[in-house]
Amino acid sequence: MIPTSTDSQRRRHRARGRRRLSIGAWIGFALAVTVIAVAMLGPFFAPHDPAEFAGAPFAPPGPDHPLGLDYIGRDALSRFLWGGRTAIVLALLGTLLGVTVGVTAGTLAAYLRGPVEGAFNRTTEVLLSLPGLILILLFLGAFGTSLTVVVLAIGLVNSLPVSRIARGTALGVREQPYVEIATARGERRWYVVLREMLPNMAGPIAVDAGLRFTGSVIAVASVSFLGLGLQPPAADWGLIISENRSGMVLQPWVVLLPIFALGTLTVGVNLFMDGVRRRSPTYEKTDLVEATRV
Amino acid sequence: MLRYVLLRTVGGLVTLLLISVLVFASTEVLPGNAASSILGREGTPEKVKLLKERLGLDRPAPVRYADWLEGAVRFDFGESLVQGTGLSGSGAVTGTPISEIVAPRLAKTAVLAAVTLAVLIPLSLLIGVATGLTRGSIGDGVTQVGLLVLISLPEFVLGAILVLLFGLVWAVLPAVSLGGSATELVLPVATIVGVCIAFTSRFIRSGVSEVASSDHVAMARMKGLPESRVIRKHILPNALGPALQSFALVTAYLAGGVVVVEYLFSYPGIGQGLVAAISGRDVPAIQAYTLLIAVVYVTANLVADLITIALNPRLRASYAH
């Protein structure tokens, strides 16, 4: 019987830390999922066209427009309902890109070791020496402010922490007997990596991917807020907050819902992550992960 | 120990050097940018080529990089491509020197950072020590939840909430800050403090609770010392270490975090400058702001690292080899 990474080993990897999540964590999860649902399904419920001019700027809530109108007279509620989708989709793309690149780079570095690993370490170290948002802004400054660049930049910034986790996990998995035996069997390198190593790394990477995704949503919103991402007349929560902020005090409803949505998303995710980390026996009381900071 | 400090500092300088390469390479990868953005609509291919020669943009990249770096160290980042551009009498293209644009903004951001730290430090010590001593109590629990909420919110969301609260609900403060008088700093500072307080007070809280349950504090209490004395003489000094660490890390965060806050409140600092430079495609300005932010970020992280090592004799020993 040639041992490969058996089901029992995989089950054991996953079974570690199986204690129940606190109620706070589940509340957080529910909040986050609700916001994402609103973002994706919102457009189906919008009463008006988000780009249609319906009246005077900053008009207060009325019978036809429950939240009033925005800074150039468009329905605030409709714009809110449309405003989450693009950010979610872009964030999803950015996260997928980041996770793919990160896992590939990290796993290869761990598996090949030597100069490859060294180069990998140097590069990630330098790139991580800049705040995430600044790196994204540098990209936008260098390559223009198109949405493609935004997705690529977010992908790059995401790939860095992912690649570190991937490398760490891969280094651990690499020492396992089933890897050694597969190599001794004469299996090709890609087989070893793909079939023996990766499935056993999935856990921590999946959890981190959730964080990366939320961070990416915030990154898209932040960049749009700064006027460097989605452009008018697009509806995006970050952009809505930005373009209506001069009249915030007059007509708060326009910005209130996007603020509430973004805030609930981030708080929910952080509650969940806090609950998840509490279960781990290595929970560092000082280790406050600002889960959604890019 | 000293060897480690030197090694780490040199490492930091190398990192900064590599970052400068990154900044330069990414912004100059499309060299047509500079020339065509000056000429704008009047840029025919011949004119752009001529301007490139005049500006020295046709020299090989490493030469241009060395030139730029040498200037950067002297705080001379060249001239703006957007502000004050025109042709001088001798036909040379001029623009407002970047250092003239950046210096006042740097000062403004420094003021913002200083005031933020001045508020953050006592506040986090207060909350950190209080929650550290009452760890596990209801008050501590409630505070922790509140802090978690604060730190989760993106900066501009928290800032907007504060504007609504203090601009609308209590109609007290101006929503836009021009950095002129003290009241106009209030909202930006409050926003950043709100975001960071959870981080710093948690750090301090854990340091305090560790000490509070230690043997020599128990000894002091058994000797019958009044609690205030125990706090002052035994607990607080040990809270200073983690406190310093967290403040260094906050300074690092400030380097990047000011961008969104300054933009939200139209505060004329380097954060807002960077955003304007990007929308205006003012390449030299982008390079300058990014490099400055990187310097602050790397230095602050370095200081935080060194403080950590200084506090942790165990780590010190392992680096002694």
# chains A, B, ... in the order shown; residues from 1 in each chain; ligands from 1
>>> interface_residues(of="chain A", to="chain B", cutoff="6 Å", atoms="only C-alpha atoms", output="PyMOL selection string")
chain A and resi 126+130-131+141-142+249+259+263+266-267+286
>>> write_last_selection(atoms="C-alpha atoms", output="short mmCIF file (atom, residue, chain, number, x, y, z; two decimals), in the first residue's frame")
data_model
loop_
_atom_site.label_atom_id
_atom_site.label_comp_id
_atom_site.auth_asym_id
_atom_site.auth_seq_id
_atom_site.Cartn_x
_atom_site.Cartn_y
_atom_site.Cartn_z
CA VAL A 126 9.82 45.12 -1.12
CA LEU A 130 4.49 50.05 0.79
CA PRO A 131 1.01 50.46 2.20
CA GLY A 141 -0.68 56.72 -11.53
CA ALA A 142 1.63 54.73 -13.74
CA VAL A 249 -25.56 67.92 5.67
CA ILE A 259 -22.17 54.22 4.30
CA GLY A 263 -19.81 49.67 7.25
CA THR A 266 -16.65 45.37 7.08
CA VAL A 267 -17.92 45.07 10.63
CA THR A 286 -2.45 41.48 20.81
#
>>> select_by_dssp(residues="stretch 11-240 of chain A", states="helix (DSSP H, G or I)", output="PyMOL selection string")
chain A and resi 11-15+23-45+76-82+85-112+114-127+132-143+147-174+177-184+189-225+237-240
>>> residues_around(residues="stretch 38-55 of chain A", least_positions_apart="5", cutoff="7 Å", atoms="only C-alpha atoms", output="PyMOL selection string")
chain A and resi 73-75+78-79+81-85+233
>>> residues_around(residues="B:Arg8", least_positions_apart="3", cutoff="9 Å", atoms="only C-alpha atoms", output="VMD selection string")
chain B and resid 3 to 5 11 to 13 302 305 to 306
>>> select_by_dssp(residues="stretch 50-264 of chain B", states="strand (DSSP E)", output="PDB file with N, CA and C atoms, in the first residue's frame")
ATOM      1  N   GLY B  86       4.726  76.174 -18.845  1.00  0.00           N
ATOM      2  CA  GLY B  86       4.801  77.134 -19.936  1.00  0.00           C
ATOM      3  C   GLY B  86       6.196  77.103 -20.506  1.00  0.00           C
ATOM      4  N   LEU B  87       6.404  77.928 -21.509  1.00  0.00           N
ATOM      5  CA  LEU B  87       7.745  77.977 -22.089  1.00  0.00           C
ATOM      6  C   LEU B  87       8.441  79.214 -21.582  1.00  0.00           C
ATOM      7  N   VAL B  93      11.091  74.267 -21.324  1.00  0.00           N
ATOM      8  CA  VAL B  93       9.786  74.019 -20.697  1.00  0.00           C
ATOM      9  C   VAL B  93       9.941  74.117 -19.184  1.00  0.00           C
ATOM     10  N   THR B  94       9.097  74.939 -18.579  1.00  0.00           N
ATOM     11  CA  THR B  94       9.192  75.034 -17.121  1.00  0.00           C
ATOM     12  C   THR B  94       7.859  74.695 -16.475  1.00  0.00           C
TER      13      THR B  94
END
>>> closest_residue(among="B:Val21, B:Leu249, B:Val48, B:Ala212", to="B:Arg64", atoms="only C-alpha atoms")
B:Val21
